[in-house]
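Reviewing the structure listed below.
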Amino acid sequence: FVAFFPTGLVLSHCEEDVMRLIYEMEYLAMVRLPGTAQKSRVERLVLAPLNTARCERGSADGKWWRHAHVIKVAAKALKSENFCVLDGFLPVEHCETLARAATQARPSMVRGATGAAGKVLKSEGYTANLERALHDPSRGDVVKFSDDGGMPGCLELYSALDTLVEGLQSCDEVAERLQFVDWANGAMFAIYPGNASRYIKHVDNTLGMDGRRLTAILYLNKHWEPCDGGCLRLFEPTMQNFQVKCDLEPIWNRQ
């Protein structure tokens with residue numbers, strides 16, 4: 001049978017995977033949006049200080065955040081709330097180059113894989129079960145990796161990220177966590193093609209064992225509007241917590 005959700009999600013063949021249906025129903029029942037106190041805390045500790053720093057420096061050239069005191073503000077945000085927001089992260093021409101590269105790469109992109117798909121591939125290889133896992137609605141993006149940095153704009157992005165990480169490593173708030181970070185994974189270009197495509201609640205380093213210490217996301221949605229959806233939903237710590245910390249809009253050139 002088919003289940004239709006108010007979010008626009010459609011789950012087909014629910015009888016084949018009842019637990020998937022249960023997860024979606026539990027999420028809708030348990031998720032809690034941020035209250036006034038949480039919104040005020042995030043604004044005070046993360047958004048307002050960084051926005052003030054950006055206004056003082058000006059973000060037109062994509063270099064406003066490279067000053068030591070601004071990176072210190074970002075480090076404090078990471079320490080207290082586990083995220084920071086750097087609008088106008090790259091020079092506009094570099095961001096536009098990355099956006100064009102993503103658009104041109106769209107025909108060669110493949111469906112993003114989940115951990116479940118990886119387990120099927122490892123145990124069974126390329127089977128019908130793998131095809132089913134790859135089309136699981138828990139993750140609906142299509143992706144392309146640029147491990148060699150060959151896609152246009154990647155070298156400039158890597159250079160900016162290196163500068164950011166090196167600056168953060170000099171800040172006491174996050175120095176210990178980032179002390180052994182000396183390289184980044186290849187950039188992953190991702191497109192969410194609509195039709196309620198999403199990536200369900202997850203953490204990038206599930207068991208804390210794969211070496212990842214910092215996730216960097218750069219949004220390339222130049223003409224994004226709130227009605228388009230696609231916000232990044234951040235939760236309070238632990239996978240068992242359904243209290244939303246905040247929803248971040250995927251604004252153009254936001255890091």
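For the structure tokens, the naming scheme is as follows: chains receive sequential letters (A, B, ...) according to their order of presentation, residues are indexed from 1 within each chain, and ligands are indexed from 1 in presentation order.
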Exercise: Asp61 of chain A partners within 9 Å, only C-alpha atoms, chain neighbours under 4 positions left out, as a VMD selection string: chain A and resid 88 to 92
Deliver the residues from the most recent selection as a file, using C-alpha atoms, as a PDB file, in the first residue's frame.
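part.pdb written:
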```pdb
ATOM      1  CA  GLY A  88      29.033  35.547   1.492  1.00  0.00           C
ATOM      2  CA  PHE A  89      31.676  32.863   2.037  1.00  0.00           C
ATOM      3  CA  LEU A  90      33.326  32.992  -1.400  1.00  0.00           C
ATOM      4  CA  PRO A  91      33.936  35.763  -3.907  1.00  0.00           C
ATOM      5  CA  VAL A  92      30.834  35.877  -6.128  1.00  0.00           C
TER       6      VAL A  92
END
```
Test item: residues at most 10 Å from segment 142-152 of chain A, only C-alpha atoms, excluding those fewer than 6 positions along its chain, as a list in words: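 Counting only the stated atoms, we get His94, Glu96, Thr97, Leu98, Ala99, Arg100, Ala101, Ala102, Ala105, Arg106, Pro107, Ser108, Met109, Val110, Arg111, Gly112, Ala113, Tyr158, Ala184, Asn185, Gly186, Ala187, Met188, Phe189, Ala190, Ile191, Tyr192, Pro193 and Ser197 of chain A.
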Selection: 8 Å around Val244 of chain A, only C-alpha atoms, excl. self and same-chain fewer than 4 positions, as a ChimeraX atom specification: /A:31-34,233-236
Keeping all heavy atoms for every residue in the selection just given, could you write it to a file as a compact mmCIF listing (two decimals), in the first residue's frame?
```
# COMPACT_ATOMS: atom_id res chain seq x y z
N VAL A 31 8.69 15.15 16.66
CA VAL A 31 9.51 16.32 16.38
C VAL A 31 8.93 17.54 17.09
O VAL A 31 7.72 17.74 17.15
CB VAL A 31 9.62 16.56 14.86
CG1 VAL A 31 8.28 16.98 14.25
CG2 VAL A 31 10.70 17.60 14.56
N ARG A 32 9.82 18.36 17.66
CA ARG A 32 9.42 19.55 18.38
C ARG A 32 10.16 20.76 17.80
O ARG A 32 11.39 20.78 17.79
CB ARG A 32 9.74 19.42 19.87
CG ARG A 32 8.96 18.31 20.57
CD ARG A 32 7.48 18.66 20.67
NE ARG A 32 6.71 17.62 21.36
CZ ARG A 32 6.09 16.62 20.73
NH1 ARG A 32 6.15 16.52 19.41
NH2 ARG A 32 5.41 15.72 21.42
N LEU A 33 9.41 21.74 17.35
CA LEU A 33 10.01 22.94 16.78
C LEU A 33 10.58 23.82 17.90
O LEU A 33 10.14 23.74 19.05
CB LEU A 33 8.97 23.71 15.97
CG LEU A 33 8.41 22.96 14.75
CD1 LEU A 33 7.39 23.83 14.02
CD2 LEU A 33 9.52 22.54 13.80
N PRO A 34 11.56 24.65 17.57
CA PRO A 34 12.21 25.46 18.61
C PRO A 34 11.26 26.49 19.21
O PRO A 34 10.45 27.10 18.51
CB PRO A 34 13.36 26.14 17.87
CG PRO A 34 12.97 26.09 16.43
CD PRO A 34 12.19 24.84 16.26
N ARG A 233 17.73 21.34 8.73
CA ARG A 233 17.17 21.25 10.08
C ARG A 233 18.23 20.69 11.03
O ARG A 233 18.69 19.55 10.86
CB ARG A 233 15.92 20.39 10.08
CG ARG A 233 15.35 20.09 11.46
CD ARG A 233 13.88 19.71 11.41
NE ARG A 233 13.06 20.90 11.13
CZ ARG A 233 11.73 20.87 11.06
NH1 ARG A 233 11.09 19.72 11.21
NH2 ARG A 233 11.04 21.97 10.83
N LEU A 234 18.60 21.49 12.00
CA LEU A 234 19.57 21.09 13.01
C LEU A 234 18.85 20.75 14.31
O LEU A 234 17.96 21.50 14.75
CB LEU A 234 20.58 22.22 13.27
CG LEU A 234 21.41 22.66 12.06
CD1 LEU A 234 22.32 23.82 12.45
CD2 LEU A 234 22.23 21.51 11.51
N PHE A 235 19.26 19.65 14.93
CA PHE A 235 18.64 19.19 16.16
C PHE A 235 19.58 19.41 17.34
O PHE A 235 20.80 19.52 17.17
CB PHE A 235 18.29 17.70 16.06
CG PHE A 235 17.14 17.40 15.12
CD1 PHE A 235 17.36 17.27 13.76
CD2 PHE A 235 15.86 17.24 15.60
CE1 PHE A 235 16.31 17.00 12.90
CE2 PHE A 235 14.81 16.97 14.76
CZ PHE A 235 15.03 16.85 13.39
N GLU A 236 19.00 19.42 18.51
CA GLU A 236 19.81 19.42 19.71
C GLU A 236 20.57 18.09 19.79
O GLU A 236 20.20 17.12 19.14
CB GLU A 236 18.93 19.60 20.96
CG GLU A 236 18.17 20.93 20.99
CD GLU A 236 19.07 22.14 21.19
OE1 GLU A 236 20.29 21.96 21.33
OE2 GLU A 236 18.55 23.27 21.20
```
Distance query Ala77 of chain A at most 9 Å, only C-alpha atoms, self and fewer than 3 positions along chain excluded, as a PyMOL selection string: chain A and resi 42+45-47+49-50+72-74+80-85
Those selected residues, please, written with C-alpha atoms and delivered as an mmCIF file, in the first residue's frame.
```cif
data_model
loop_
_atom_site.group_PDB
_atom_site.id
_atom_site.type_symbol
_atom_site.label_atom_id
_atom_site.label_comp_id
_atom_site.auth_asym_id
_atom_site.auth_seq_id
_atom_site.Cartn_x
_atom_site.Cartn_y
_atom_site.Cartn_z
ATOM 1 C CA VAL A 42 20.790 30.648 18.700
ATOM 2 C CA LEU A 45 25.291 32.944 20.351
ATOM 3 C CA VAL A 46 25.540 32.294 16.608
ATOM 4 C CA LEU A 47 23.573 34.394 14.155
ATOM 5 C CA PRO A 49 27.558 37.958 16.371
ATOM 6 C CA LEU A 50 28.477 36.659 12.922
ATOM 7 C CA LYS A 72 37.179 33.532 16.842
ATOM 8 C CA VAL A 73 33.454 34.352 16.790
ATOM 9 C CA ALA A 74 32.838 31.337 14.536
ATOM 10 C CA SER A 80 28.476 26.444 22.117
ATOM 11 C CA GLU A 81 25.986 25.333 19.429
ATOM 12 C CA ASN A 82 27.971 23.007 17.140
ATOM 13 C CA PHE A 83 27.441 25.121 14.025
ATOM 14 C CA CYS A 84 28.168 28.525 12.554
ATOM 15 C CA VAL A 85 26.902 30.472 9.528
#
```
DSSP alpha helix (DSSP H) selection over segment 57-234 of chain A, as a PyMOL selection string: chain A and resi 57+68-81+92-105+115-124+128-134+154-169+175-178
Point-to-point distance from atom CA of Tyr199 of chain A to atom CA of Arg212 of chain A, Å rounded to tenths: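 Between atom CA of Tyr199 of chain A and atom CA of Arg212 of chain A the gap is 18.8 Å.
Of the residues listed (A:Ala53, A:Leu157, A:Ile251, A:Cys246), A:Cys246 shows the shortest atom-to-atom separation from Gln38 of chain A; distances use only C-alpha atoms.
The neighbours of segment 164-180 of chain A here are the residues that come within 7 Å of it, using only C-alpha atoms and leaving out any residue fewer than 6 positions away in the same chain; they are Ala68, Ile71, Lys72, Ala75, Lys76, Lys79 and Arg213 of chain A.
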Produce a file of the selected residues containing N, CA, C and O atoms, as a short mmCIF file (atom, residue, chain, number, x, y, z; two decimals), in the first residue's frame.
```cif
data_model
loop_
_atom_site.label_atom_id
_atom_site.label_comp_id
_atom_site.auth_asym_id
_atom_site.auth_seq_id
_atom_site.Cartn_x
_atom_site.Cartn_y
_atom_site.Cartn_z
N ALA A 68 41.08 37.30 12.04
CA ALA A 68 41.22 36.44 13.22
C ALA A 68 40.06 36.61 14.20
O ALA A 68 39.56 35.62 14.75
N ILE A 71 36.95 34.73 12.89
CA ILE A 71 37.09 33.28 13.05
C ILE A 71 36.94 32.90 14.51
O ILE A 71 36.40 31.83 14.85
N LYS A 72 37.36 33.77 15.41
CA LYS A 72 37.18 33.53 16.84
C LYS A 72 35.69 33.49 17.18
O LYS A 72 35.24 32.63 17.97
N ALA A 75 34.40 30.20 16.01
CA ALA A 75 34.84 29.13 16.91
C ALA A 75 33.96 29.07 18.16
O ALA A 75 33.60 27.98 18.64
N LYS A 76 33.60 30.22 18.69
CA LYS A 76 32.73 30.26 19.87
C LYS A 76 31.36 29.67 19.54
O LYS A 76 30.76 28.96 20.36
N LYS A 79 31.66 25.94 19.34
CA LYS A 79 31.82 25.37 20.68
C LYS A 79 30.49 25.30 21.42
O LYS A 79 30.16 24.29 22.05
N ARG A 213 35.64 15.57 11.49
CA ARG A 213 35.52 16.46 12.63
C ARG A 213 34.69 17.70 12.32
O ARG A 213 34.20 18.37 13.23
#
```
Per-residue DSSP, segment 3-138 of chain A, filtered to strand (DSSP E or B), as a list of chain:residue names: A:Ala3, A:Phe4, A:Val10, A:Leu11, A:Arg32, A:Asp87, A:Val110, A:Arg111
Selected residues written out with all heavy atoms, as a PDB file, in the first residue's frame:
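Writing the result to result-v2.pdb gives the following:
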```
ATOM      1  N   ALA A   3       1.556   5.275   1.368  1.00  0.00           N
ATOM      2  CA  ALA A   3       1.286   6.232   2.434  1.00  0.00           C
ATOM      3  C   ALA A   3       1.618   7.636   1.943  1.00  0.00           C
ATOM      4  O   ALA A   3       2.677   7.860   1.355  1.00  0.00           O
ATOM      5  CB  ALA A   3       2.110   5.897   3.668  1.00  0.00           C
ATOM      6  N   PHE A   4       0.695   8.560   2.166  1.00  0.00           N
ATOM      7  CA  PHE A   4       0.885   9.960   1.793  1.00  0.00           C
ATOM      8  C   PHE A   4       1.023  10.798   3.071  1.00  0.00           C
ATOM      9  O   PHE A   4       0.165  10.718   3.950  1.00  0.00           O
ATOM     10  CB  PHE A   4      -0.298  10.473   0.967  1.00  0.00           C
ATOM     11  CG  PHE A   4      -0.464   9.764  -0.351  1.00  0.00           C
ATOM     12  CD1 PHE A   4      -1.190   8.583  -0.444  1.00  0.00           C
ATOM     13  CD2 PHE A   4       0.108  10.284  -1.513  1.00  0.00           C
ATOM     14  CE1 PHE A   4      -1.341   7.930  -1.654  1.00  0.00           C
ATOM     15  CE2 PHE A   4      -0.035   9.635  -2.724  1.00  0.00           C
ATOM     16  CZ  PHE A   4      -0.757   8.448  -2.798  1.00  0.00           C
ATOM     17  N   VAL A  10       5.807  10.573  -0.247  1.00  0.00           N
ATOM     18  CA  VAL A  10       4.971   9.437  -0.633  1.00  0.00           C
ATOM     19  C   VAL A  10       5.791   8.163  -0.475  1.00  0.00           C
ATOM     20  O   VAL A  10       6.863   8.029  -1.067  1.00  0.00           O
ATOM     21  CB  VAL A  10       4.484   9.558  -2.089  1.00  0.00           C
ATOM     22  CG1 VAL A  10       3.664   8.327  -2.478  1.00  0.00           C
ATOM     23  CG2 VAL A  10       3.668  10.820  -2.279  1.00  0.00           C
ATOM     24  N   LEU A  11       5.313   7.248   0.346  1.00  0.00           N
ATOM     25  CA  LEU A  11       5.980   5.966   0.545  1.00  0.00           C
ATOM     26  C   LEU A  11       5.167   4.875  -0.125  1.00  0.00           C
ATOM     27  O   LEU A  11       4.005   4.657   0.218  1.00  0.00           O
ATOM     28  CB  LEU A  11       6.116   5.647   2.041  1.00  0.00           C
ATOM     29  CG  LEU A  11       7.049   6.515   2.880  1.00  0.00           C
ATOM     30  CD1 LEU A  11       7.071   6.023   4.311  1.00  0.00           C
ATOM     31  CD2 LEU A  11       8.453   6.531   2.300  1.00  0.00           C
ATOM     32  N   ARG A  32       9.816  18.361  17.657  1.00  0.00           N
ATOM     33  CA  ARG A  32       9.416  19.552  18.384  1.00  0.00           C
ATOM     34  C   ARG A  32      10.160  20.762  17.798  1.00  0.00           C
ATOM     35  O   ARG A  32      11.390  20.784  17.790  1.00  0.00           O
ATOM     36  CB  ARG A  32       9.738  19.419  19.873  1.00  0.00           C
ATOM     37  CG  ARG A  32       8.957  18.308  20.567  1.00  0.00           C
ATOM     38  CD  ARG A  32       7.478  18.656  20.667  1.00  0.00           C
ATOM     39  NE  ARG A  32       6.712  17.623  21.356  1.00  0.00           N
ATOM     40  CZ  ARG A  32       6.089  16.616  20.728  1.00  0.00           C
ATOM     41  NH1 ARG A  32       6.151  16.524  19.408  1.00  0.00           N
ATOM     42  NH2 ARG A  32       5.412  15.723  21.416  1.00  0.00           N
ATOM     43  N   ASP A  87      27.743  33.790   5.777  1.00  0.00           N
ATOM     44  CA  ASP A  87      27.153  34.238   4.511  1.00  0.00           C
ATOM     45  C   ASP A  87      28.197  34.979   3.689  1.00  0.00           C
ATOM     46  O   ASP A  87      29.112  35.611   4.227  1.00  0.00           O
ATOM     47  CB  ASP A  87      25.951  35.141   4.781  1.00  0.00           C
ATOM     48  CG  ASP A  87      24.749  34.364   5.293  1.00  0.00           C
ATOM     49  OD1 ASP A  87      24.577  33.208   4.870  1.00  0.00           O
ATOM     50  OD2 ASP A  87      23.992  34.914   6.121  1.00  0.00           O
ATOM     51  N   VAL A 110      24.605  10.658  -9.764  1.00  0.00           N
ATOM     52  CA  VAL A 110      23.958   9.395  -9.393  1.00  0.00           C
ATOM     53  C   VAL A 110      23.266   9.570  -8.049  1.00  0.00           C
ATOM     54  O   VAL A 110      23.564  10.487  -7.283  1.00  0.00           O
ATOM     55  CB  VAL A 110      24.977   8.243  -9.308  1.00  0.00           C
ATOM     56  CG1 VAL A 110      25.611   7.988 -10.659  1.00  0.00           C
ATOM     57  CG2 VAL A 110      26.051   8.545  -8.254  1.00  0.00           C
ATOM     58  N   ARG A 111      22.344   8.672  -7.759  1.00  0.00           N
ATOM     59  CA  ARG A 111      21.577   8.768  -6.529  1.00  0.00           C
ATOM     60  C   ARG A 111      22.496   8.634  -5.310  1.00  0.00           C
ATOM     61  O   ARG A 111      23.372   7.768  -5.258  1.00  0.00           O
ATOM     62  CB  ARG A 111      20.527   7.649  -6.512  1.00  0.00           C
ATOM     63  CG  ARG A 111      19.534   7.709  -5.354  1.00  0.00           C
ATOM     64  CD  ARG A 111      18.584   8.888  -5.480  1.00  0.00           C
ATOM     65  NE  ARG A 111      17.623   8.898  -4.395  1.00  0.00           N
ATOM     66  CZ  ARG A 111      16.372   8.464  -4.509  1.00  0.00           C
ATOM     67  NH1 ARG A 111      15.934   7.984  -5.662  1.00  0.00           N
ATOM     68  NH2 ARG A 111      15.544   8.511  -3.478  1.00  0.00           N
TER      69      ARG A 111
END
```
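Shortest separation to Leu155 of chain A among A:Cys95, A:Cys14, A:Ile200, A:Leu214 occurs at residue A:Cys95, atoms counted being only C-alpha atoms.
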Coordinates-based distance that separates atom CA of Lys222 of chain A from atom CA of Arg254 of chain A (Å, one decimal): 10.3 Å
